Amino acid sequence: MARRSGASWIIVVLAVAIVALAIPFVASGYRLYQGAQVLILAIALLGLNLLTGFNGQISLGHGAFFAIGGYGTAILIVKLGLPYWAAIPIAGVVCYGAGFLFGFPALRFGGLYLALATFALAVATPQILIYKGFDAYTGGSMGLQLTRPQAPFGLRLSGDQWLYLVCLAFAAALYWAASNLVRGRIGRALIAIRDQPIAAEAMGVNAALFKTSCFGVSALYAGVAGGLSAIVVGFVSPESFGLPLSLAFLVGLVVGGLGSLGGMLFGALFIEFVPNIADQLTVSFGESAKALPGAVYGVLLILVMAAMPMGAAGVARAAARALARARAAKVEEDGGADAAANCEGKGESP
Amino acid sequence: MSEFLHLLGSGLALGGIYAIMALALVMIYQATQLINFAQGEMAMFSTYVAWKLMDSGWPYWRAFAATVIVSFIGGLIIERVVVRPFARAPILTSVIVSIGLAFVFNALAGYLYGYSVVSFDSPFGDRPLFGSGYMSAHEAGAVLVSLCVLVVVYAFFRFTPLGLAMRAAAQNPVSSRLVGIRVGWMLALGWGLAAAIGSIAGMMAAPIVYLDPNMMFGILLYAFAGAVLGGIDNPFGAAFGGFAVGVMENLVGAYVVGPEVKLTVALAIIIAVLVWRPSGLFGRRLVARV
């Protein structure tokens, strides 16, 4: 990717941060809950993007790691009495282990075969969760109930506001970690394995280690997201972790843009709000329009893909390029009048 | 023993349905590397068309033939109108489009025909075959129809110039275009054929699983598993995989674990097989040129 002009990038990040921090003090109740959901989905999408976008391993089964994180957190809190701030990182580490181990058979599969293996994981998850042998831990088809945590240290925040801020802190930290990860040596190795596996190995990249670790880190992200979702929803049940969730992740990933971390926020907004908007149509048209949400969602999905086949990130990149070109053209028009400005302008344009 | 034979028989019947669905998936995958998530919903919609035709008094086989033709044309139109604009987009974009299509067909069927489960007649009746009780007449008929579809598809691709052209277009689009094959139309034909084959799977499945807008979801899943088990680049491997998955699903559900986790166990077995043979049982091993 071309070098980002520093100033405008900082403005974008600051704007997002200010909006994200302002939300808990202007929105409330259900809207705030939705905001927290968006952040949770964005974390899971970041993880999926590390795996699929940067390392080229397709996963149709990240709902499974989300489920392990969610159930892990719930079991640690309900059965072992751990506080939530300890339970979520532990669940994340458990997911790292699960993902790392799943990465080993995944090494042998390419493309579609990996898609099937992960797909199987997504389909099997709800069935394993209701399996009678694990009833004592998972609560069977009833799921597990959690008490929602309150703000600590006597902070004057409602439960919703506090949970939103917890999700925001996790999202920001994990985003920062992911962006450092992909920009450094590890990120270059992951991308090299995606684009030129044989050349990468010839250069001395340990492809097996990087691929399995990438699976692990990706699962860790999904697991932390699942853990946060458990405390925000206050409830885990097998039905919420099925194939539809895994497919929603895939949709969010592609709509946001493969290989773009910032795009994941857009992808999360899409999969949180678009089905909701479609659902509301049913409310306004009455019970006879039961088929409408599915139709609207499907058509929107196709139209969005037609409008931006590379996802939101593709559009943003194209816009940035157009802007840079327009600026360069303007500088050239002004050229001659002020030699110093001309030099400076040329230095800046990529 | 008789229970075993009964399970084997119904497993083969379901397996046949999975096999032809797998064939439909492979047909699109081979040409475009696209997993068509809408395949099941397209088949479901076709089945509703057949049901509607029979409801208005058409005899079974006339409705059957009409449905296959309508599905073929429908598949052709879908490729031209919806799928084609994404030919240059990344493959995952096309996958998302097919998920979108699946939503649309599901909703359309629900809107036009309602969400209540309806029964679907079988042309073979549902009496036990020869009074033995191992297999119902419909199950035997479904196996027979599946085998016929396989033979017809094989003959089409092996012995007709059009089939040859379609294989060429799938394997090497650039060279095919140079020798005068219209590759774009071959892709559209592939979608049409896949839709037609899918509609047969739907009509064979409906008497067993009953007709409702979500009937094909599980079947598509098993078909996908079967296709990958057999080798996604080999149509006959895929069909064999479909049969194998159908039989395995029934036997595992009855003898190894309860029906609640039979899907999980069946999928675990498939993955174990894939670890042993990563390109499926009959798939070609991919060799990269450096």
# chains A, B, ... in the order shown; residues from 1 in each chain; ligands from 1
call {"tool": "residues_around", "arguments": {"residues": "Leu34 of chain B", "least_positions_apart": "3", "cutoff": "8 Å", "atoms": "only C-alpha atoms", "output": "list in words"}}
result
Ile28, Tyr29, Gln30, Ile91, Ser94 and Val95 of chain B
call {"tool": "write_last_selection", "arguments": {"atoms": "C-alpha atoms", "output": "short mmCIF file (atom, residue, chain, number, x, y, z; two decimals), in the first residue's frame"}}
result
data_model
loop_
_atom_site.label_atom_id
_atom_site.label_comp_id
_atom_site.auth_asym_id
_atom_site.auth_seq_id
_atom_site.Cartn_x
_atom_site.Cartn_y
_atom_site.Cartn_z
CA ILE B 28 -19.78 -24.72 -10.78
CA TYR B 29 -16.63 -25.12 -8.70
CA GLN B 30 -14.59 -26.60 -11.53
CA ILE B 91 -13.45 -15.07 -5.49
CA SER B 94 -18.54 -14.07 -5.47
CA VAL B 95 -18.99 -16.40 -2.50
#
call {"tool": "closest_atom_pairs", "arguments": {"of": "chain A", "to": "chain B", "cutoff": "7 Å", "atoms": "only C-alpha atoms", "output": "tab-separated table"}}
result
residue	atom	partner	partner_atom	distance
A:Pro105	CA	B:Val275	CA	6.4
A:Arg108	CA	B:Pro278	CA	6.2
A:Phe109	CA	B:Pro278	CA	5.8
A:Tyr113	CA	B:Val228	CA	6.6
A:Leu116	CA	B:Ala225	CA	6.9
A:Ala117	CA	B:Ile271	CA	6.3
A:Ala120	CA	B:Leu267	CA	6.0
A:Ala124	CA	B:Thr264	CA	4.9
A:Gln127	CA	B:Val261	CA	5.9
A:Val251	CA	B:Ile96	CA	6.2
A:Val254	CA	B:Thr93	CA	6.5
A:Ala291	CA	B:Ala107	CA	4.6
A:Leu292	CA	B:Ala107	CA	6.6
A:Gly294	CA	B:Phe103	CA	5.3
A:Ala295	CA	B:Val104	CA	4.5
A:Gly298	CA	B:Gly100	CA	3.9
A:Val299	CA	B:Gly100	CA	6.4
A:Leu301	CA	B:Gly100	CA	5.4
A:Ile302	CA	B:Val97	CA	5.1
A:Met305	CA	B:Thr93	CA	6.5
A:Pro309	CA	B:Ala89	CA	5.8
call {"tool": "atom_distance", "arguments": {"atom1": "atom CA of Ala63 of chain B", "atom2": "atom CA of Ala50 of chain B"}}
result
5.6 Å
call {"tool": "select_by_dssp", "arguments": {"residues": "segment 238-298 of chain A", "states": "alpha helix (DSSP H)", "output": "ChimeraX atom specification"}}
result
/A:243-256,263-285,292-298
call {"tool": "atom_distance", "arguments": {"atom1": "atom CA of Pro83 of chain A", "atom2": "atom CA of Ala172 of chain A"}}
result
21.5 Å
call {"tool": "residues_around", "arguments": {"residues": "Ser229 of chain A", "least_positions_apart": "2", "cutoff": "12 Å", "atoms": "only C-alpha atoms", "output": "CSV table (one decimal) with C-alpha atoms, in the first residue's frame"}}
result
chain,number,residue,atom,x,y,z
A,33,TYR,CA,-25.8,-2.4,23.7
A,34,GLN,CA,-25.6,-2.4,19.9
A,35,GLY,CA,-22.5,-0.2,20.0
A,36,ALA,CA,-20.8,-2.8,22.2
A,37,GLN,CA,-21.9,-5.5,19.9
A,38,VAL,CA,-20.3,-3.7,16.9
A,39,LEU,CA,-17.0,-3.5,18.8
A,40,ILE,CA,-17.2,-7.2,19.7
A,41,LEU,CA,-17.9,-8.1,16.1
A,42,ALA,CA,-15.0,-5.8,15.0
A,43,ILE,CA,-12.6,-7.7,17.3
A,44,ALA,CA,-13.7,-11.1,15.8
A,66,PHE,CA,-16.2,-17.3,19.4
A,67,ALA,CA,-18.2,-20.0,21.1
A,68,ILE,CA,-15.2,-21.4,22.9
A,69,GLY,CA,-14.4,-17.9,24.2
A,70,GLY,CA,-18.0,-17.2,25.2
A,71,TYR,CA,-18.5,-20.5,26.9
A,72,GLY,CA,-15.0,-20.5,28.4
A,73,THR,CA,-15.7,-17.1,30.0
A,74,ALA,CA,-19.1,-18.1,31.2
A,84,TYR,CA,-14.8,-11.3,34.4
A,88,ILE,CA,-11.8,-13.1,29.4
A,146,LEU,CA,-24.3,-14.5,33.9
A,148,ARG,CA,-23.7,-8.4,34.2
A,163,LEU,CA,-19.4,-2.6,29.4
A,164,TYR,CA,-19.2,-0.5,26.3
A,166,VAL,CA,-14.6,-2.3,28.4
A,167,CYS,CA,-15.3,-3.5,24.9
A,170,PHE,CA,-10.3,-4.3,24.3
A,222,ALA,CA,-12.4,-14.5,18.2
A,223,GLY,CA,-12.3,-16.0,21.7
A,224,VAL,CA,-11.9,-12.6,23.4
A,225,ALA,CA,-14.8,-11.3,21.3
A,226,GLY,CA,-16.8,-14.3,22.4
A,227,GLY,CA,-15.9,-13.7,26.0
A,231,ILE,CA,-20.7,-10.6,29.6
A,232,VAL,CA,-22.5,-8.0,27.5
A,233,VAL,CA,-25.4,-10.3,26.5
A,234,GLY,CA,-25.3,-11.8,30.0
A,235,PHE,CA,-26.2,-15.2,28.6
A,236,VAL,CA,-24.6,-17.9,26.4
A,237,SER,CA,-26.7,-20.5,24.5
A,240,SER,CA,-26.2,-18.2,19.1
A,241,PHE,CA,-23.0,-19.8,17.9
call {"tool": "residues_around", "arguments": {"residues": "Ala122 of chain A", "least_positions_apart": "6", "cutoff": "10 Å", "atoms": "only C-alpha atoms", "output": "ChimeraX atom specification"}}
result
/A:59-65,67,116,241-247 /B:264
call {"tool": "write_last_selection", "arguments": {"atoms": "N, CA and C atoms", "output": "short mmCIF file (atom, residue, chain, number, x, y, z; two decimals), in the first residue's frame"}}
result
data_model
loop_
_atom_site.label_atom_id
_atom_site.label_comp_id
_atom_site.auth_asym_id
_atom_site.auth_seq_id
_atom_site.Cartn_x
_atom_site.Cartn_y
_atom_site.Cartn_z
N SER A 59 -11.38 -19.31 6.62
CA SER A 59 -12.07 -19.98 7.72
C SER A 59 -13.55 -19.67 7.65
N LEU A 60 -14.36 -20.71 7.56
CA LEU A 60 -15.81 -20.54 7.65
C LEU A 60 -16.28 -20.90 9.04
N GLY A 61 -15.35 -21.06 9.99
CA GLY A 61 -15.74 -21.59 11.28
C GLY A 61 -15.31 -20.76 12.47
N HIS A 62 -15.17 -19.43 12.28
CA HIS A 62 -14.72 -18.66 13.43
C HIS A 62 -15.77 -18.54 14.52
N GLY A 63 -17.03 -18.83 14.15
CA GLY A 63 -18.06 -18.89 15.19
C GLY A 63 -17.71 -19.90 16.26
N ALA A 64 -16.97 -20.95 15.90
CA ALA A 64 -16.60 -21.97 16.87
C ALA A 64 -15.65 -21.41 17.92
N PHE A 65 -14.67 -20.62 17.49
CA PHE A 65 -13.73 -20.05 18.46
C PHE A 65 -14.43 -18.98 19.31
N ALA A 67 -17.45 -19.21 20.13
CA ALA A 67 -18.21 -20.00 21.11
C ALA A 67 -17.32 -20.48 22.24
N LEU A 116 -13.91 -26.45 4.07
CA LEU A 116 -14.79 -27.51 4.58
C LEU A 116 -14.46 -27.85 6.03
N PHE A 241 -24.32 -19.63 18.46
CA PHE A 241 -22.97 -19.82 17.93
C PHE A 241 -22.93 -20.74 16.71
N GLY A 242 -24.02 -20.80 15.96
CA GLY A 242 -24.07 -21.75 14.86
C GLY A 242 -23.43 -21.24 13.59
N LEU A 243 -23.74 -21.91 12.51
CA LEU A 243 -23.20 -21.55 11.21
C LEU A 243 -23.55 -20.11 10.80
N PRO A 244 -24.79 -19.64 11.08
CA PRO A 244 -25.10 -18.25 10.68
C PRO A 244 -24.09 -17.24 11.21
N LEU A 245 -23.60 -17.45 12.43
CA LEU A 245 -22.61 -16.52 13.00
C LEU A 245 -21.32 -16.56 12.18
N SER A 246 -20.87 -17.78 11.86
CA SER A 246 -19.63 -17.90 11.09
C SER A 246 -19.78 -17.26 9.72
N LEU A 247 -20.96 -17.45 9.10
CA LEU A 247 -21.17 -16.85 7.78
C LEU A 247 -21.24 -15.33 7.90
N THR B 264 -21.82 -34.27 13.65
CA THR B 264 -20.48 -33.97 14.14
C THR B 264 -19.54 -35.12 13.88
#
call {"tool": "residues_around", "arguments": {"residues": "segment 64-81 of chain B", "least_positions_apart": "6", "cutoff": "6 Å", "atoms": "only C-alpha atoms", "output": "list in words"}}
result
Ala50, Ala188, Trp191, Gly192, Leu193, Ala195 and Ala196 of chain B
call {"tool": "residues_around", "arguments": {"residues": "Tyr18 of chain B", "least_positions_apart": "2", "cutoff": "8 Å", "atoms": "only C-alpha atoms", "output": "list of chain:residue names"}}
result
B:Leu14, B:Gly15, B:Gly16, B:Ile20, B:Met21, B:Ala22, B:Ala201, B:Ile219, B:Leu220, B:Tyr222, B:Ala223, B:Gly226, B:Ala239, B:Gly242, B:Phe243, B:Val245, B:Gly246
call {"tool": "closest_residue", "arguments": {"among": "B:Trp185, B:Ile208, B:Glu139, B:Met27", "to": "Phe236 of chain B", "atoms": "only C-alpha atoms"}}
result
B:Met27
call {"tool": "atom_distance", "arguments": {"atom1": "atom CA of Met186 of chain B", "atom2": "atom CA of Thr160 of chain B"}}
result
13.7 Å
call {"tool": "closest_residue", "arguments": {"among": "A:Ala324, A:Met264, A:Leu168, A:Ala178", "to": "Phe249 of chain A", "atoms": "only C-alpha atoms"}}
result
A:Met264
call {"tool": "residues_around", "arguments": {"residues": "segment 12-18 of chain A", "least_positions_apart": "3", "cutoff": "10 Å", "atoms": "only C-alpha atoms", "output": "MDAnalysis selection string"}}
result
chainID A and resid 7:9 21:23 168 172 262 265
